[in-house]
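Reproduced below: coords_1.csv, with CSV, C-alpha atoms and all ligand atoms.
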```csv
chain,number,residue,atom,x,y,z
A,1,MET,CA,15.3,13.0,-33.9
A,2,ARG,CA,13.1,10.3,-35.4
A,3,GLY,CA,11.6,7.2,-34.0
A,4,ILE,CA,8.4,5.6,-32.6
A,5,ALA,CA,7.1,7.9,-29.8
A,6,LEU,CA,5.3,6.5,-26.7
A,7,PRO,CA,2.7,6.5,-25.3
A,8,GLU,CA,0.9,6.5,-28.7
A,9,ALA,CA,3.5,4.4,-30.5
A,10,GLU,CA,3.5,6.5,-33.5
A,11,PRO,CA,6.3,7.5,-35.8
A,12,VAL,CA,7.6,11.0,-35.2
A,13,GLU,CA,10.3,13.4,-36.4
A,14,PHE,CA,11.3,16.4,-34.4
A,15,TRP,CA,13.9,19.1,-34.4
A,16,VAL,CA,15.0,21.1,-31.4
A,17,ASP,CA,14.6,24.9,-31.6
A,18,GLY,CA,16.8,27.6,-30.1
A,19,ASP,CA,14.8,27.5,-26.8
A,20,GLY,CA,15.3,23.8,-26.3
A,21,ARG,CA,11.8,22.9,-27.4
A,22,LEU,CA,10.5,20.3,-29.9
A,23,THR,CA,9.4,21.5,-33.3
A,24,ARG,CA,8.2,19.8,-36.4
A,25,SER,CA,9.8,22.5,-38.5
A,26,ARG,CA,13.1,21.7,-40.0
A,27,VAL,CA,16.1,23.5,-38.3
A,28,PRO,CA,18.7,24.2,-40.9
A,29,GLY,CA,22.1,22.6,-40.3
A,30,ALA,CA,20.8,20.4,-37.5
A,31,ALA,CA,22.6,17.2,-36.6
A,32,THR,CA,20.6,13.9,-36.3
A,33,VAL,CA,21.0,12.7,-32.7
A,34,VAL,CA,18.4,9.9,-32.7
A,35,ASP,CA,17.7,7.9,-35.9
A,36,GLY,CA,15.2,5.2,-35.1
A,37,GLY,CA,14.2,3.3,-32.0
A,38,TRP,CA,11.7,4.1,-29.3
A,39,LEU,CA,11.2,7.6,-27.9
A,40,VAL,CA,9.8,8.2,-24.4
A,41,PRO,CA,9.0,11.6,-22.9
A,42,GLY,CA,11.7,12.6,-20.4
A,43,LEU,CA,11.4,10.4,-17.3
A,44,VAL,CA,10.3,11.7,-14.0
A,45,ASP,CA,11.4,10.5,-10.6
A,46,ALA,CA,8.6,11.8,-8.5
A,47,HIS,CA,10.2,11.1,-5.1
A,48,ALA,CA,14.0,11.6,-4.9
A,49,HIS,CA,16.3,13.5,-2.6
A,50,LEU,CA,19.5,15.0,-3.9
A,51,GLY,CA,22.6,15.8,-2.0
A,52,ILE,CA,21.7,14.0,1.2
A,53,SER,CA,23.7,11.3,3.0
A,54,GLU,CA,23.6,10.9,6.8
A,55,PRO,CA,20.3,11.9,8.4
A,56,GLY,CA,20.4,15.4,9.9
A,57,ARG,CA,23.5,16.5,7.9
A,58,PRO,CA,23.3,19.6,5.7
A,59,LEU,CA,22.7,19.3,1.9
A,60,ASP,CA,26.0,18.6,0.2
A,61,PRO,CA,26.2,20.6,-3.1
A,62,GLY,CA,28.8,18.3,-4.7
A,63,LEU,CA,26.7,15.3,-3.8
A,64,ALA,CA,23.6,16.9,-5.1
A,65,ARG,CA,25.3,17.5,-8.5
A,66,ARG,CA,26.5,13.9,-8.6
A,67,HIS,CA,23.0,12.5,-7.8
A,68,ALA,CA,21.5,14.8,-10.4
A,69,ARG,CA,23.9,13.5,-13.0
A,70,GLU,CA,23.1,10.0,-12.1
A,71,HIS,CA,19.4,10.7,-12.6
A,72,ALA,CA,20.1,12.4,-15.9
A,73,ALA,CA,22.2,9.5,-17.2
A,74,ALA,CA,19.2,7.2,-16.5
A,75,GLY,CA,16.9,9.4,-18.6
A,76,VAL,CA,15.3,11.4,-15.8
A,77,ALA,CA,14.5,14.9,-16.9
A,78,VAL,CA,12.5,15.9,-13.9
A,79,VAL,CA,12.9,15.2,-10.2
A,80,ARG,CA,10.3,16.1,-7.6
A,81,ILE,CA,12.1,16.5,-4.3
A,82,PRO,CA,9.7,15.9,-1.4
A,83,GLY,CA,11.6,17.6,1.3
A,84,ALA,CA,15.2,18.7,1.7
A,85,PRO,CA,17.5,20.2,4.4
A,86,SER,CA,17.8,23.4,2.3
A,87,PRO,CA,17.2,24.5,-1.3
A,88,LEU,CA,19.2,23.0,-4.1
A,89,PRO,CA,22.3,25.1,-4.9
A,90,VAL,CA,21.6,27.3,-7.9
A,91,PRO,CA,24.3,25.8,-10.1
A,92,VAL,CA,22.6,22.4,-9.8
A,93,ALA,CA,19.0,23.7,-10.0
A,94,ALA,CA,19.7,25.8,-13.0
A,95,ASP,CA,22.1,23.6,-15.0
A,96,PRO,CA,20.4,22.8,-18.3
A,97,GLY,CA,22.1,19.5,-18.6
A,98,LEU,CA,20.6,18.3,-15.3
A,99,PRO,CA,17.0,17.3,-14.4
A,100,ARG,CA,14.6,20.1,-13.6
A,101,ALA,CA,14.0,20.0,-9.9
A,102,ILE,CA,10.5,20.5,-8.4
A,103,GLU,CA,11.4,21.4,-4.9
A,104,SER,CA,9.1,21.4,-1.8
A,105,GLY,CA,11.2,23.2,0.8
A,106,ARG,CA,12.0,21.6,4.1
A,107,TRP,CA,10.2,18.6,5.5
A,108,LEU,CA,7.5,19.7,7.9
A,109,ALA,CA,7.0,17.5,10.9
A,110,LEU,CA,5.6,17.4,14.5
A,111,PRO,CA,8.3,17.9,17.2
A,112,GLY,CA,10.1,14.6,17.6
A,113,HIS,CA,9.2,13.4,14.1
A,114,SER,CA,11.8,13.1,11.3
A,115,PHE,CA,15.4,14.0,11.8
A,116,GLN,CA,16.8,16.8,13.9
A,117,GLY,CA,18.6,19.2,11.5
A,118,TRP,CA,16.5,18.1,8.5
A,119,ALA,CA,12.9,18.8,9.4
A,120,ARG,CA,11.3,22.1,10.3
A,121,HIS,CA,9.4,21.2,13.4
A,122,VAL,CA,5.9,22.7,13.8
A,123,THR,CA,2.9,22.3,15.9
A,124,ALA,CA,-0.5,21.5,14.4
A,125,ALA,CA,-1.5,25.2,14.8
A,126,GLU,CA,1.7,26.3,12.9
A,127,LEU,CA,1.4,23.8,10.1
A,128,PRO,CA,-0.8,25.7,7.6
A,129,ASP,CA,1.3,28.9,7.7
A,130,ALA,CA,4.6,26.9,7.5
A,131,ALA,CA,3.3,24.8,4.5
A,132,VAL,CA,2.3,28.0,2.6
A,133,ALA,CA,5.8,29.4,3.3
A,134,GLU,CA,7.6,26.3,2.1
A,135,CYS,CA,5.5,26.3,-1.1
A,136,LEU,CA,6.1,29.9,-1.8
A,137,ALA,CA,9.8,29.5,-1.1
A,138,SER,CA,10.2,26.4,-3.3
A,139,GLY,CA,8.8,24.8,-6.4
A,140,GLY,CA,5.2,25.1,-5.3
A,141,TRP,CA,5.1,21.9,-3.2
A,142,CYS,CA,5.3,21.3,0.5
A,143,LYS,CA,6.1,18.0,2.2
A,144,ILE,CA,4.5,16.9,5.5
A,145,TYR,CA,5.4,14.0,7.7
A,146,GLY,CA,2.0,12.5,8.4
A,147,ASP,CA,3.6,10.0,10.8
A,148,TRP,CA,6.9,8.8,12.0
A,149,THR,CA,7.6,5.1,12.7
A,150,VAL,CA,11.1,4.2,13.7
A,151,SER,CA,10.6,2.1,16.8
A,152,ASP,CA,7.8,0.1,18.6
A,153,GLU,CA,7.2,3.2,20.8
A,154,THR,CA,6.7,5.6,17.8
A,155,MET,CA,4.1,3.4,16.2
A,156,ASP,CA,1.3,4.9,18.2
A,157,GLY,CA,2.7,8.4,18.3
A,158,PRO,CA,0.7,11.6,17.6
A,159,LEU,CA,-0.4,12.5,14.1
A,160,PHE,CA,-1.6,15.7,12.4
A,161,SER,CA,-5.4,15.5,12.4
A,162,ALA,CA,-7.4,15.3,9.2
A,163,LYS,CA,-8.8,18.7,10.1
A,164,THR,CA,-5.3,20.3,10.4
A,165,LEU,CA,-4.3,18.6,7.1
A,166,ALA,CA,-7.5,19.8,5.4
A,167,GLU,CA,-6.9,23.3,6.5
A,168,THR,CA,-3.3,23.1,5.3
A,169,VAL,CA,-4.5,21.8,1.9
A,170,ARG,CA,-7.0,24.7,1.7
A,171,ARG,CA,-4.4,27.3,2.5
A,172,VAL,CA,-1.7,25.8,0.2
A,173,ARG,CA,-4.1,25.6,-2.7
A,174,ALA,CA,-5.1,29.2,-2.3
A,175,VAL,CA,-1.5,30.1,-3.2
A,176,GLY,CA,-1.4,27.6,-6.1
A,177,GLY,CA,0.6,25.1,-4.1
A,178,ARG,CA,0.4,21.3,-3.6
A,179,VAL,CA,0.8,19.0,-0.7
A,180,ALA,CA,2.8,15.8,-0.4
A,181,VAL,CA,2.4,13.7,2.7
A,182,HIS,CA,4.6,10.9,4.1
A,183,ALA,CA,2.2,8.3,5.4
A,184,GLN,CA,2.9,4.7,6.4
A,185,ARG,CA,0.4,4.0,9.2
A,186,GLU,CA,-3.1,3.2,8.2
A,187,GLU,CA,-4.4,6.1,10.3
A,188,ALA,CA,-2.0,8.6,8.8
A,189,CYS,CA,-3.0,7.5,5.3
A,190,ARG,CA,-6.6,7.8,6.2
A,191,LYS,CA,-6.3,11.3,7.6
A,192,ALA,CA,-4.2,12.5,4.6
A,193,VAL,CA,-6.7,11.0,2.1
A,194,ALA,CA,-9.6,12.6,4.0
A,195,ALA,CA,-7.9,15.9,3.8
A,196,GLY,CA,-7.6,15.6,0.0
A,197,VAL,CA,-3.8,16.0,-0.2
A,198,ASP,CA,-2.1,15.7,-3.6
A,199,SER,CA,0.1,12.7,-2.9
A,200,ILE,CA,0.6,10.0,-0.4
A,201,GLU,CA,4.3,9.1,-0.2
A,202,HIS,CA,5.1,5.4,0.7
A,203,GLY,CA,1.5,4.4,1.8
A,204,LEU,CA,2.8,1.2,3.4
A,205,TRP,CA,-0.5,0.5,5.2
A,206,LEU,CA,-2.9,2.4,3.0
A,207,GLU,CA,-6.2,0.5,3.0
A,208,PRO,CA,-7.9,-0.4,-0.3
A,209,ASP,CA,-11.2,1.3,0.8
A,210,LEU,CA,-9.4,4.7,0.4
A,211,LEU,CA,-8.6,4.2,-3.2
A,212,ASP,CA,-11.8,5.4,-4.7
A,213,THR,CA,-11.6,8.6,-2.8
A,214,MET,CA,-8.0,9.1,-3.9
A,215,ALA,CA,-9.0,8.5,-7.5
A,216,ARG,CA,-11.9,11.0,-7.2
A,217,ASN,CA,-9.6,13.6,-5.7
A,218,GLY,CA,-6.7,12.9,-8.0
A,219,THR,CA,-4.5,12.0,-5.0
A,220,ALA,CA,-1.4,10.2,-6.3
A,221,LEU,CA,0.4,7.2,-4.6
A,222,VAL,CA,4.2,7.2,-4.7
A,223,PRO,CA,5.0,3.8,-3.2
A,224,THR,CA,8.8,4.0,-3.4
A,225,LEU,CA,9.2,0.2,-3.8
A,226,THR,CA,12.9,0.5,-4.6
A,227,VAL,CA,13.7,1.9,-1.1
A,228,TRP,CA,11.6,-0.8,0.6
A,229,ALA,CA,13.4,-3.5,-1.4
A,230,ASP,CA,16.7,-1.9,-0.3
A,231,ARG,CA,15.6,-2.0,3.3
A,232,LEU,CA,14.4,-5.5,3.4
A,233,ASP,CA,17.6,-7.2,4.7
A,234,GLN,CA,18.1,-4.4,7.3
A,235,VAL,CA,14.5,-4.9,8.6
A,236,ARG,CA,14.9,-8.7,8.7
A,237,ALA,CA,18.0,-8.2,10.8
A,238,MET,CA,16.1,-6.0,13.3
A,239,PRO,CA,15.3,-7.4,16.8
A,240,PRO,CA,11.9,-9.1,16.8
A,241,GLY,CA,9.1,-6.8,17.8
A,242,ARG,CA,6.1,-4.9,16.6
A,243,LEU,CA,7.8,-2.5,14.2
A,244,ARG,CA,9.8,-5.3,12.5
A,245,ASN,CA,6.6,-7.4,12.0
A,246,TRP,CA,4.6,-4.4,10.8
A,247,LEU,CA,7.3,-3.4,8.3
A,248,LEU,CA,7.7,-6.9,6.9
A,249,ALA,CA,4.0,-7.4,6.6
A,250,GLY,CA,3.7,-3.9,5.0
A,251,PHE,CA,6.4,-4.7,2.4
A,252,ASN,CA,4.5,-7.9,1.6
A,253,ARG,CA,1.1,-6.2,1.1
A,254,LEU,CA,2.3,-3.1,-0.7
A,255,PRO,CA,2.7,-4.5,-4.3
A,256,LYS,CA,-0.9,-5.8,-4.4
A,257,LEU,CA,-2.1,-2.5,-3.0
A,258,VAL,CA,-0.2,-0.6,-5.7
A,259,ALA,CA,-1.8,-2.7,-8.4
A,260,ALA,CA,-5.2,-2.1,-6.9
A,261,ALA,CA,-4.6,1.6,-6.8
A,262,HIS,CA,-3.7,1.7,-10.4
A,263,GLU,CA,-6.9,-0.4,-11.2
A,264,ALA,CA,-9.0,2.1,-9.2
A,265,GLY,CA,-7.7,5.0,-11.2
A,266,VAL,CA,-5.3,6.4,-8.7
A,267,PRO,CA,-2.2,8.0,-10.3
A,268,VAL,CA,0.6,5.7,-9.3
A,269,LEU,CA,4.0,7.4,-9.7
A,270,ALA,CA,7.6,6.1,-9.8
A,271,GLY,CA,9.9,7.4,-7.0
A,272,THR,CA,13.2,6.0,-5.8
A,273,ASP,CA,13.5,8.1,-2.6
A,274,LEU,CA,17.1,7.8,-1.3
A,275,PRO,CA,20.3,8.2,-3.2
A,276,PRO,CA,22.1,7.1,-5.3
A,277,GLY,CA,20.2,8.7,-8.2
A,278,GLY,CA,19.4,7.0,-11.5
A,279,ARG,CA,17.5,4.0,-10.2
A,280,ILE,CA,14.3,4.8,-12.0
A,281,ALA,CA,14.5,1.6,-14.2
A,282,ARG,CA,14.4,-0.4,-11.0
A,283,GLU,CA,11.3,1.3,-9.7
A,284,ILE,CA,9.6,0.7,-13.1
A,285,GLN,CA,10.5,-3.0,-12.8
A,286,HIS,CA,9.1,-3.1,-9.2
A,287,LEU,CA,5.8,-1.6,-10.5
A,288,ILE,CA,5.7,-4.2,-13.3
A,289,ASP,CA,6.4,-6.9,-10.7
A,290,ALA,CA,3.5,-5.5,-8.6
A,291,GLY,CA,1.2,-6.1,-11.5
A,292,LEU,CA,1.1,-2.9,-13.5
A,293,SER,CA,1.3,-3.4,-17.2
A,294,PRO,CA,4.7,-2.4,-18.6
A,295,HIS,CA,2.9,0.4,-20.4
A,296,ALA,CA,1.4,1.7,-17.2
A,297,ALA,CA,4.6,1.2,-15.2
A,298,LEU,CA,6.6,3.2,-17.8
A,299,GLY,CA,3.9,5.9,-17.8
A,300,ALA,CA,4.2,6.1,-14.0
A,301,ALA,CA,7.8,7.3,-14.7
A,302,SER,CA,7.0,9.4,-17.8
A,303,TRP,CA,3.8,10.7,-19.3
A,304,ALA,CA,1.5,10.0,-16.3
A,305,ALA,CA,3.9,11.6,-13.9
A,306,ARG,CA,4.5,14.6,-16.2
A,307,ARG,CA,0.7,15.1,-16.5
A,308,PHE,CA,0.3,14.9,-12.7
A,309,LEU,CA,3.1,17.5,-12.2
A,310,GLY,CA,1.5,19.9,-14.8
A,311,LEU,CA,4.2,19.3,-17.5
A,312,GLU,CA,3.6,18.5,-21.1
A,313,PRO,CA,3.0,14.7,-21.0
A,314,THR,CA,3.9,13.8,-24.6
A,315,LEU,CA,6.4,14.6,-27.3
A,316,ALA,CA,4.6,17.5,-28.9
A,317,GLU,CA,5.2,20.6,-30.8
A,318,GLY,CA,6.5,23.3,-28.4
A,319,ALA,CA,7.1,20.9,-25.5
A,320,PRO,CA,10.5,21.0,-23.8
A,321,ALA,CA,12.8,18.7,-25.6
A,322,ASP,CA,13.0,16.1,-22.8
A,323,LEU,CA,13.3,12.6,-24.2
A,324,VAL,CA,14.9,9.2,-23.8
A,325,ALA,CA,15.6,6.9,-26.8
A,326,TYR,CA,15.8,3.1,-26.5
A,327,PRO,CA,16.9,0.6,-29.2
A,328,GLU,CA,13.8,-1.5,-28.6
A,329,ASP,CA,10.3,-1.0,-27.2
A,330,PRO,CA,10.9,-0.7,-23.5
A,331,ARG,CA,7.5,-2.1,-22.8
A,332,ARG,CA,8.4,-5.4,-24.5
A,333,ASN,CA,11.9,-5.5,-23.0
A,334,PRO,CA,12.1,-3.4,-19.8
A,335,ALA,CA,15.7,-4.4,-19.5
A,336,VAL,CA,16.6,-1.7,-22.0
A,337,LEU,CA,15.5,1.0,-19.5
A,338,THR,CA,18.8,0.5,-17.7
A,339,ARG,CA,20.7,1.6,-20.8
A,340,PRO,CA,19.1,4.4,-22.8
A,341,ALA,CA,20.7,4.9,-26.2
A,342,ARG,CA,20.2,8.7,-25.9
A,343,VAL,CA,19.0,11.1,-23.2
A,344,ILE,CA,18.0,14.7,-24.1
A,345,ILE,CA,17.1,17.2,-21.4
A,346,ARG,CA,15.8,20.6,-22.4
A,347,GLY,CA,17.3,20.1,-25.9
A,348,GLN,CA,20.8,19.2,-24.5
A,349,VAL,CA,22.2,15.8,-25.4
A,350,VAL,CA,23.3,14.5,-22.0
A,351,ARG,CA,24.0,10.9,-23.1
B,401,ZN,ZN,11.6,10.7,0.9
```

Encoded form (structure tokens):
Amino acid sequence: MRGIALPEAEPVEFWVDGDGRLTRSRVPGAATVVDGGWLVPGLVDAHAHLGISEPGRPLDPGLARRHAREHAAAGVAVVRIPGAPSPLPVPVAADPGLPRAIESGRWLALPGHSFQGWARHVTAAELPDAAVAECLASGGWCKIYGDWTVSDETMDGPLFSAKTLAETVRRVRAVGGRVAVHAQREEACRKAVAAGVDSIEHGLWLEPDLLDTMARNGTALVPTLTVWADRLDQVRAMPPGRLRNWLLAGFNRLPKLVAAAHEAGVPVLAGTDLPPGGRIAREIQHLIDAGLSPHAALGAASWAARRFLGLEPTLAEGAPADLVAYPEDPRRNPAVLTRPARVIIRGQVVR
């Protein structure tokens, strides 16, 4: 493979070794699969659920494979799954032609929060143990519902306290795990940030005064703008009320907050949340529309996300051969992101 590699924009030439890794040493008899164009380290969807459809229903293995294929075709080599009804079936999780999945076990939520059948409901006292168990049973992450806002009545519902979340973070870190928190209400965002969690998912009403603390602690923001855009018409059609107003105002404010987060040094990551898979280009475009530079928006779905997840961020000797090739510089023409010329995951040509 040869081309101009991002983020440095330097010409590179790589072969793939027998372990699916990049090497600068010539491999005898190798076929050229990319000859020119722009090469980007395999994309990351940092918030995507595979194999789910109706809330509360069990994970569907066939659907999980389909969603994983959709992600792969879009150039996504890694999917972080923040919560699932059950672990990904082994044939999907271990298929070398499908994205690597970083799982986080079942969603953890207070009784009454999230969906019956999906979430593992726990009290505040039970949360730290449950979070450790989900991390150990999955890919080292756990996912906690910091709030649950589905009706006017739920908007003032109970939350895990900052103290409970901080204790959970401490316990999870002790086993090498990490903590993702779904937070939309200002108060839920505030408690999660104070607790020093690893990522805030959605962050609809995250206040700008928290951004410096997030940057200092390395807490990422995954705004999932794609799913908000998808929900806009549905929310507009809701009966007038507190929740509707709050959601619409939240959608309006979020892009500016996302740009401010990036400016403040908060890792902003691309995540598309709900199926179908393969919509990462849309999320990158939403990040650009929010005010991130095309370079930063692409990084949010590639090198910056890889670094945040502890993966090799760049195309380098010995790194897993995860890369996407585009005919033009995707930062100059983000439209090419929707049609990669080539996708290679763990050394396998998948497109
Ligand atoms: Zn989600």

List as CSV every residue of segment 4-65 of chain A that is in contact with segment 259-268 of chain A, defined as an atom at most 12 Å from one of its atoms (using all atoms listed in the file), together with the nearest atom pair and the distance in Å rounded to one decimal, sorted by chain and then rising number.
```
residue,atom,partner,partner_atom,distance
A:Asp45,CA,A:Val268,CA,11.9
A:Ala46,CA,A:Val268,CA,10.1
A:His47,CA,A:Val268,CA,11.8
```

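Restricting the atom set to only C-alpha atoms and all ligand atoms, one finds that the residues within 8 Å of ligand ZN 401 (chain B) amount to His47, Ala48, His49, Ile81, Pro82, Gly83, His182, Glu201, Asp273 and Leu274 of chain A.
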
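Taking atom CA of Arg351 of chain A and atom CA of Ala73 of chain A as endpoints, the distance between them is 6.3 Å.
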
Contacts of segment 167-273 of chain A with segment 101-107 of chain A up to 10 Å, shortest pair per row, all atoms listed in the file, as CSV:
```
residue,atom,partner,partner_atom,distance
A:Gly177,CA,A:Ser104,CA,9.6
A:Arg178,CA,A:Ser104,CA,8.9
A:Val179,CA,A:Ser104,CA,8.7
A:Ala180,CA,A:Ser104,CA,8.5
A:Val181,CA,A:Trp107,CA,9.6
A:His182,CA,A:Trp107,CA,9.6
```

(Q) One number please: atom CA of His202 of chain A to atom CA of Arg242 of chain A, in Å, one decimal. (A) 19.0 Å

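Distances from A:Arg21, A:Ala249, A:Thr226, A:Ser161 to Thr123 of chain A were compared using only C-alpha atoms, and the smallest one belongs to A:Ser161.
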